[in-house]
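Raw target14.pdb, PDB, C-alpha atoms and all ligand atoms:
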ATOM      1  CA  MET V 235      27.037 -52.311 183.007
ATOM      2  CA  ILE V 236      23.677 -50.862 181.988
ATOM      3  CA  GLU V 237      23.510 -47.202 180.976
ATOM      4  CA  PHE V 238      20.308 -45.222 180.623
ATOM      5  CA  THR V 239      19.007 -41.734 181.250
ATOM      6  CA  ILE V 240      16.824 -41.357 184.291
ATOM      7  CA  ASN V 241      14.868 -38.138 184.732
ATOM      8  CA  GLY V 242      17.366 -36.310 182.544
ATOM      9  CA  ASN V 243      20.555 -37.714 184.127
ATOM     10  CA  THR V 244      22.677 -40.435 182.573
ATOM     11  CA  ARG V 245      23.400 -43.278 184.987
ATOM     12  CA  GLN V 246      25.432 -46.466 184.716
ATOM     13  CA  LEU V 247      24.439 -49.381 186.922
ATOM     14  CA  ASP V 248      26.479 -52.488 187.554
ATOM     15  CA  ILE V 249      23.514 -54.836 187.913
ATOM     16  CA  GLU V 250      22.162 -58.034 186.389
ATOM     17  CA  PRO V 251      20.560 -57.241 183.015
ATOM     18  CA  GLU V 252      17.462 -59.241 183.888
ATOM     19  CA  MET V 253      16.759 -57.233 187.052
ATOM     20  CA  PRO V 254      13.282 -55.677 186.709
ATOM     21  CA  LEU V 255      13.495 -51.965 186.001
ATOM     22  CA  LEU V 256      11.271 -51.383 189.042
ATOM     23  CA  TRP V 257      13.930 -52.786 191.395
ATOM     24  CA  ALA V 258      16.691 -50.820 189.671
ATOM     25  CA  LEU V 259      14.667 -47.640 190.180
ATOM     26  CA  ARG V 260      13.688 -48.302 193.774
ATOM     27  CA  ASN V 261      16.666 -50.190 195.187
ATOM     28  CA  GLU V 262      19.595 -48.950 193.109
ATOM     29  CA  LEU V 263      18.517 -45.366 192.420
ATOM     30  CA  GLY V 264      16.336 -44.678 195.470
ATOM     31  CA  LEU V 265      13.383 -43.560 193.336
ATOM     32  CA  THR V 266      10.635 -44.983 195.504
ATOM     33  CA  GLY V 267       7.772 -43.003 193.969
ATOM     34  CA  THR V 268       7.219 -45.899 191.571
ATOM     35  CA  LYS V 269       5.326 -48.618 193.433
ATOM     36  CA  PHE V 270       5.189 -52.404 193.468
ATOM     37  CA  GLY V 271       1.668 -53.790 193.320
ATOM     38  CA  CYS V 272       1.183 -57.121 191.563
ATOM     39  CA  GLY V 273       4.500 -57.858 189.843
ATOM     40  CA  ILE V 274       2.710 -59.363 186.843
ATOM     41  CA  ALA V 275       1.877 -56.304 184.711
ATOM     42  CA  ALA V 276      -1.730 -56.323 185.898
ATOM     43  CA  CYS V 277      -2.166 -53.273 188.177
ATOM     44  CA  GLY V 278      -0.084 -50.434 186.700
ATOM     45  CA  ALA V 279       1.303 -49.190 190.041
ATOM     46  CA  CYS V 280       4.813 -49.489 188.595
ATOM     47  CA  THR V 281       4.166 -47.466 185.409
ATOM     48  CA  VAL V 282       7.030 -45.278 184.180
ATOM     49  CA  HIS V 283       7.801 -43.750 180.787
ATOM     50  CA  VAL V 284      10.471 -45.215 178.525
ATOM     51  CA  ASP V 285      11.152 -42.889 175.602
ATOM     52  CA  GLY V 286       7.781 -41.311 176.324
ATOM     53  CA  GLN V 287       5.805 -44.568 176.281
ATOM     54  CA  PRO V 288       4.115 -45.995 179.385
ATOM     55  CA  VAL V 289       5.820 -49.181 180.556
ATOM     56  CA  ARG V 290       5.100 -51.520 183.455
ATOM     57  CA  SER V 291       8.476 -51.577 185.104
ATOM     58  CA  CYS V 292       7.842 -54.714 187.199
ATOM     59  CA  VAL V 293       8.050 -56.896 184.089
ATOM     60  CA  THR V 294      10.602 -54.861 182.123
ATOM     61  CA  PRO V 295      14.187 -56.098 182.441
ATOM     62  CA  VAL V 296      16.602 -53.238 182.918
ATOM     63  CA  SER V 297      18.482 -54.428 179.823
ATOM     64  CA  ALA V 298      15.433 -53.372 177.769
ATOM     65  CA  VAL V 299      15.976 -49.702 178.668
ATOM     66  CA  ARG V 300      19.680 -49.610 177.804
ATOM     67  CA  ASN V 301      20.421 -46.167 176.284
ATOM     68  CA  SER V 302      16.782 -45.123 176.694
ATOM     69  CA  GLN V 303      15.200 -42.132 178.410
ATOM     70  CA  VAL V 304      13.336 -43.274 181.513
ATOM     71  CA  THR V 305      11.041 -40.897 183.382
ATOM     72  CA  THR V 306       9.530 -41.640 186.771
ATOM     73  CA  ILE V 307       6.999 -39.671 188.797
ATOM     74  CA  GLU V 308       9.942 -37.831 190.401
ATOM     75  CA  GLY V 309      10.948 -36.481 186.984
ATOM     76  CA  LEU V 310       7.474 -35.613 185.774
ATOM     77  CA  THR V 311       7.669 -31.854 186.028
ATOM     78  CA  VAL V 312       7.677 -29.101 183.471
ATOM     79  CA  ASN V 313      10.547 -26.698 183.637
ATOM     80  CA  ALA V 314       9.269 -23.169 183.278
ATOM     81  CA  ALA V 315      12.329 -20.924 182.955
ATOM     82  CA  GLY V 316      14.465 -23.534 184.641
ATOM     83  CA  ASN V 317      12.118 -23.958 187.593
ATOM     84  CA  PRO V 318      10.300 -27.224 188.200
ATOM     85  CA  ALA V 319       6.526 -26.856 188.014
ATOM     86  CA  LEU V 320       3.549 -29.166 188.227
ATOM     87  CA  THR V 321       2.237 -30.624 184.994
ATOM     88  CA  ALA V 322      -1.407 -30.145 183.997
ATOM     89  CA  VAL V 323      -2.108 -33.706 185.108
ATOM     90  CA  GLN V 324      -0.538 -33.209 188.529
ATOM     91  CA  GLN V 325      -2.438 -29.930 188.972
ATOM     92  CA  ALA V 326      -5.739 -31.574 187.980
ATOM     93  CA  TRP V 327      -5.060 -34.366 190.497
ATOM     94  CA  ILE V 328      -4.738 -31.709 193.210
ATOM     95  CA  ASP V 329      -7.712 -29.653 192.015
ATOM     96  CA  HIS V 330      -9.984 -32.712 191.950
ATOM     97  CA  GLN V 331      -8.476 -34.311 195.072
ATOM     98  CA  VAL V 332      -8.003 -37.583 193.234
ATOM     99  CA  PRO V 333      -5.792 -39.653 195.573
ATOM    100  CA  GLN V 334      -7.072 -41.483 198.639
ATOM    101  CA  CYS V 335      -4.248 -43.628 200.071
ATOM    102  CA  GLY V 336      -2.126 -42.588 197.093
ATOM    103  CA  TYR V 337      -0.413 -45.936 196.534
ATOM    104  CA  CYS V 338      -1.583 -46.415 192.944
ATOM    105  CA  GLN V 339      -1.483 -42.762 191.988
ATOM    106  CA  SER V 340       2.040 -42.325 190.674
ATOM    107  CA  GLY V 341       1.379 -45.120 188.172
ATOM    108  CA  MET V 342      -2.036 -43.658 187.387
ATOM    109  CA  ILE V 343      -0.545 -40.209 186.731
ATOM    110  CA  MET V 344       2.193 -41.680 184.527
ATOM    111  CA  ALA V 345      -0.379 -43.608 182.459
ATOM    112  CA  VAL V 346      -2.651 -40.565 182.054
ATOM    113  CA  SER V 347       0.310 -38.275 181.245
ATOM    114  CA  ALA V 348       1.539 -40.587 178.488
ATOM    115  CA  LEU V 349      -1.955 -40.846 177.004
ATOM    116  CA  LEU V 350      -2.575 -37.086 176.962
ATOM    117  CA  ALA V 351       0.891 -36.325 175.586
ATOM    118  CA  ASP V 352       0.075 -38.636 172.699
ATOM    119  CA  ASN V 353      -3.566 -37.581 172.277
ATOM    120  CA  PRO V 354      -4.813 -34.388 173.993
ATOM    121  CA  ASN V 355      -8.447 -35.263 173.226
ATOM    122  CA  PRO V 356      -8.898 -39.019 173.771
ATOM    123  CA  ASP V 357     -12.373 -40.556 173.626
ATOM    124  CA  GLU V 358     -13.741 -42.866 176.303
ATOM    125  CA  ALA V 359     -12.477 -46.018 174.555
ATOM    126  CA  ALA V 360      -8.952 -44.621 174.281
ATOM    127  CA  ILE V 361      -8.968 -43.669 177.974
ATOM    128  CA  GLU V 362     -10.161 -47.122 179.006
ATOM    129  CA  ARG V 363      -7.547 -48.781 176.815
ATOM    130  CA  SER V 364      -4.655 -46.663 178.077
ATOM    131  CA  VAL V 365      -5.576 -46.178 181.724
ATOM    132  CA  SER V 366      -6.250 -49.709 182.909
ATOM    133  CA  ASN V 367      -4.542 -49.086 186.252
ATOM    134  CA  VAL V 368      -6.084 -50.630 189.351
ATOM    135  CA  CYS V 369      -7.015 -48.504 192.373
ATOM    136  CA  ARG V 370      -8.004 -50.417 195.489
ATOM    137  CA  CYS V 371      -9.467 -47.228 196.977
ATOM    138  CA  GLY V 372     -11.844 -46.863 194.040
ATOM    139  CA  THR V 373     -10.803 -43.352 192.994
ATOM    140  CA  TYR V 374     -11.967 -44.036 189.425
ATOM    141  CA  PRO V 375     -14.743 -41.371 189.394
ATOM    142  CA  ARG V 376     -12.254 -38.665 190.452
ATOM    143  CA  VAL V 377      -9.628 -39.944 187.999
ATOM    144  CA  SER V 378     -12.240 -39.683 185.287
ATOM    145  CA  LYS V 379     -13.315 -36.180 186.377
ATOM    146  CA  ALA V 380      -9.709 -34.943 186.407
ATOM    147  CA  ILE V 381      -9.019 -36.395 182.943
ATOM    148  CA  ARG V 382     -12.189 -34.744 181.593
ATOM    149  CA  ALA V 383     -11.152 -31.383 183.064
ATOM    150  CA  ILE V 384      -7.750 -31.590 181.365
ATOM    151  CA  ILE V 385      -9.361 -32.552 178.042
ATOM    152  CA  ALA V 386     -11.760 -29.584 178.353
ATOM    153  CA  ASP V 387      -8.809 -27.261 179.070
ATOM    154  CA  ASN V 388      -6.927 -28.671 176.066
ATOM    155  CA  ALA V 389      -9.986 -28.102 173.860
ATOM    156  CA  GLY V 390     -10.360 -24.539 175.198
ATOM    157  CA  SER V 391      -6.687 -23.756 174.519
ATOM    158  CA  ALA V 392      -6.926 -25.202 171.009
ATOM    159  CA  ALA V 393     -10.056 -23.129 170.283
ATOM    160  CA  SER V 394      -8.509 -19.888 171.512
ATOM    161  CA  ALA V 395      -5.306 -20.599 169.569
ATOM    162  CA  GLN V 396      -7.457 -21.060 166.467
ATOM    163  CA  GLY V 397      -9.293 -17.809 167.260
ATOM    164  CA  ASP V 398      -5.930 -16.025 167.512
ATOM    165  CA  THR V 399      -5.030 -17.037 163.972
ATOM    166  CA  VAL V 400      -8.326 -15.858 162.404
TER     167      VAL V 400
HETATM  168  S1  LIG V 501       3.401 -53.894 189.946
HETATM  169 FE1  LIG V 501       3.728 -53.701 187.834
HETATM  170  S2  LIG V 501       1.759 -53.848 186.956
HETATM  171 FE2  LIG V 501       1.429 -54.237 189.064
HETATM  172  S1  LIG V 502      -5.638 -44.230 195.954
HETATM  173 FE1  LIG V 502      -5.402 -45.983 197.208
HETATM  174  S2  LIG V 502      -4.996 -47.582 195.794
HETATM  175 FE2  LIG V 502      -5.511 -45.905 194.547
END

Show how you would write the structure in this file as structure tokens.
Amino acid sequence: MIEFTINGNTRQLDIEPEMPLLWALRNELGLTGTKFGCGIAACGACTVHVDGQPVRSCVTPVSAVRNSQVTTIEGLTVNAAGNPALTAVQQAWIDHQVPQCGYCQSGMIMAVSALLADNPNPDEAAIERSVSNVCRCGTYPRVSKAIRAIIADNAGSAASAQGDTV
């Protein structure tokens, strides 16, 4: 029996410990927002968060997330006064019309969200290192534009917060 928390709910699954987390999410829990692309940790379509860190779920055995907090695209919302709301990354994806076919985008959003949670003002090298996801539709320029808009917003908020304290 493998127990872990998925999008805030504790679940126990009677499955083989070596089953890839991706299959546990999609086939056992019905969370099909996380996609299968390459199966060899190369494309990032299957990216989820495990204890806040981005993980490629196609090569992660479910035993590795025992007692961990797993978040998928379905759980990536902020709860304002108990109501689910879009995160800044999701809103920027809408504002900049990032997706084309959309297949890679849940993994892309999970990778970007983990990066910006860790570092609200990443430089180009940090973005390239952390967001190595593959998009067959070539949405990279819009991904980049959306990330830059979020970074600019973060910088603006930090500046006004600093102004408030002066
Ligand atoms: S499906 Fe996991 S990295 Fe491509
Ligand atoms: S939007 Fe189609 S693969 Fe990325």

>> Under the rule that all atoms listed in the file are counted, which of V:Ser394, V:Asn388, V:Asn355, V:Gln339 is the nearest residue to ligand LIG 502 (chain V)?
In response: V:Gln339

>> Could you tell me how far atom S2 of ligand LIG 501 (chain V) sits from atom CA of V:Ala276, in Å to one decimal place?
In response: 4.4 Å

Counting only C-alpha atoms, I want the residues whose atoms come within 8 Å of (9.4, -38.3, 184.1) in the file frame, returned as a PDB file with C-alpha atoms, keeping the file's coordinate frame.
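Ended up saving to point_3.pdb:
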ATOM      1  CA  ASN V 241      14.868 -38.138 184.732  1.00  0.00           C
ATOM      2  CA  VAL V 282       7.030 -45.278 184.180  1.00  0.00           C
ATOM      3  CA  HIS V 283       7.801 -43.750 180.787  1.00  0.00           C
ATOM      4  CA  VAL V 304      13.336 -43.274 181.513  1.00  0.00           C
ATOM      5  CA  THR V 305      11.041 -40.897 183.382  1.00  0.00           C
ATOM      6  CA  THR V 306       9.530 -41.640 186.771  1.00  0.00           C
ATOM      7  CA  ILE V 307       6.999 -39.671 188.797  1.00  0.00           C
ATOM      8  CA  GLU V 308       9.942 -37.831 190.401  1.00  0.00           C
ATOM      9  CA  GLY V 309      10.948 -36.481 186.984  1.00  0.00           C
ATOM     10  CA  LEU V 310       7.474 -35.613 185.774  1.00  0.00           C
ATOM     11  CA  THR V 311       7.669 -31.854 186.028  1.00  0.00           C
ATOM     12  CA  MET V 344       2.193 -41.680 184.527  1.00  0.00           C
TER      13      MET V 344
END

Padding 8 Å on every side, please: axis-aligned box over the listed atoms of ligand LIG 501 (chain V), centre and edge lengths to one decimal in Å, as JSON.
{"center_x": 2.6, "center_y": -54.0, "center_z": 188.5, "size_x": 18.3, "size_y": 16.5, "size_z": 19.0}

>> List as a ChimeraX atom specification the protein and nucleic acid residues lying within 6 Å of ligand LIG 501 (chain V), with all atoms listed in the file counted.
In response: /V:270-280,290-292

Selected residues written out with C-alpha atoms, as an mmCIF file, keeping the file's coordinate frame:
data_model
loop_
_atom_site.group_PDB
_atom_site.id
_atom_site.type_symbol
_atom_site.label_atom_id
_atom_site.label_comp_id
_atom_site.auth_asym_id
_atom_site.auth_seq_id
_atom_site.Cartn_x
_atom_site.Cartn_y
_atom_site.Cartn_z
ATOM 1 C CA PHE V 270 5.189 -52.404 193.468
ATOM 2 C CA GLY V 271 1.668 -53.790 193.320
ATOM 3 C CA CYS V 272 1.183 -57.121 191.563
ATOM 4 C CA GLY V 273 4.500 -57.858 189.843
ATOM 5 C CA ILE V 274 2.710 -59.363 186.843
ATOM 6 C CA ALA V 275 1.877 -56.304 184.711
ATOM 7 C CA ALA V 276 -1.730 -56.323 185.898
ATOM 8 C CA CYS V 277 -2.166 -53.273 188.177
ATOM 9 C CA GLY V 278 -0.084 -50.434 186.700
ATOM 10 C CA ALA V 279 1.303 -49.190 190.041
ATOM 11 C CA CYS V 280 4.813 -49.489 188.595
ATOM 12 C CA ARG V 290 5.100 -51.520 183.455
ATOM 13 C CA SER V 291 8.476 -51.577 185.104
ATOM 14 C CA CYS V 292 7.842 -54.714 187.199
#

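Interatomic distance, atom CA of V:Asn243 against atom CA of V:Leu350: 24.2 Å.
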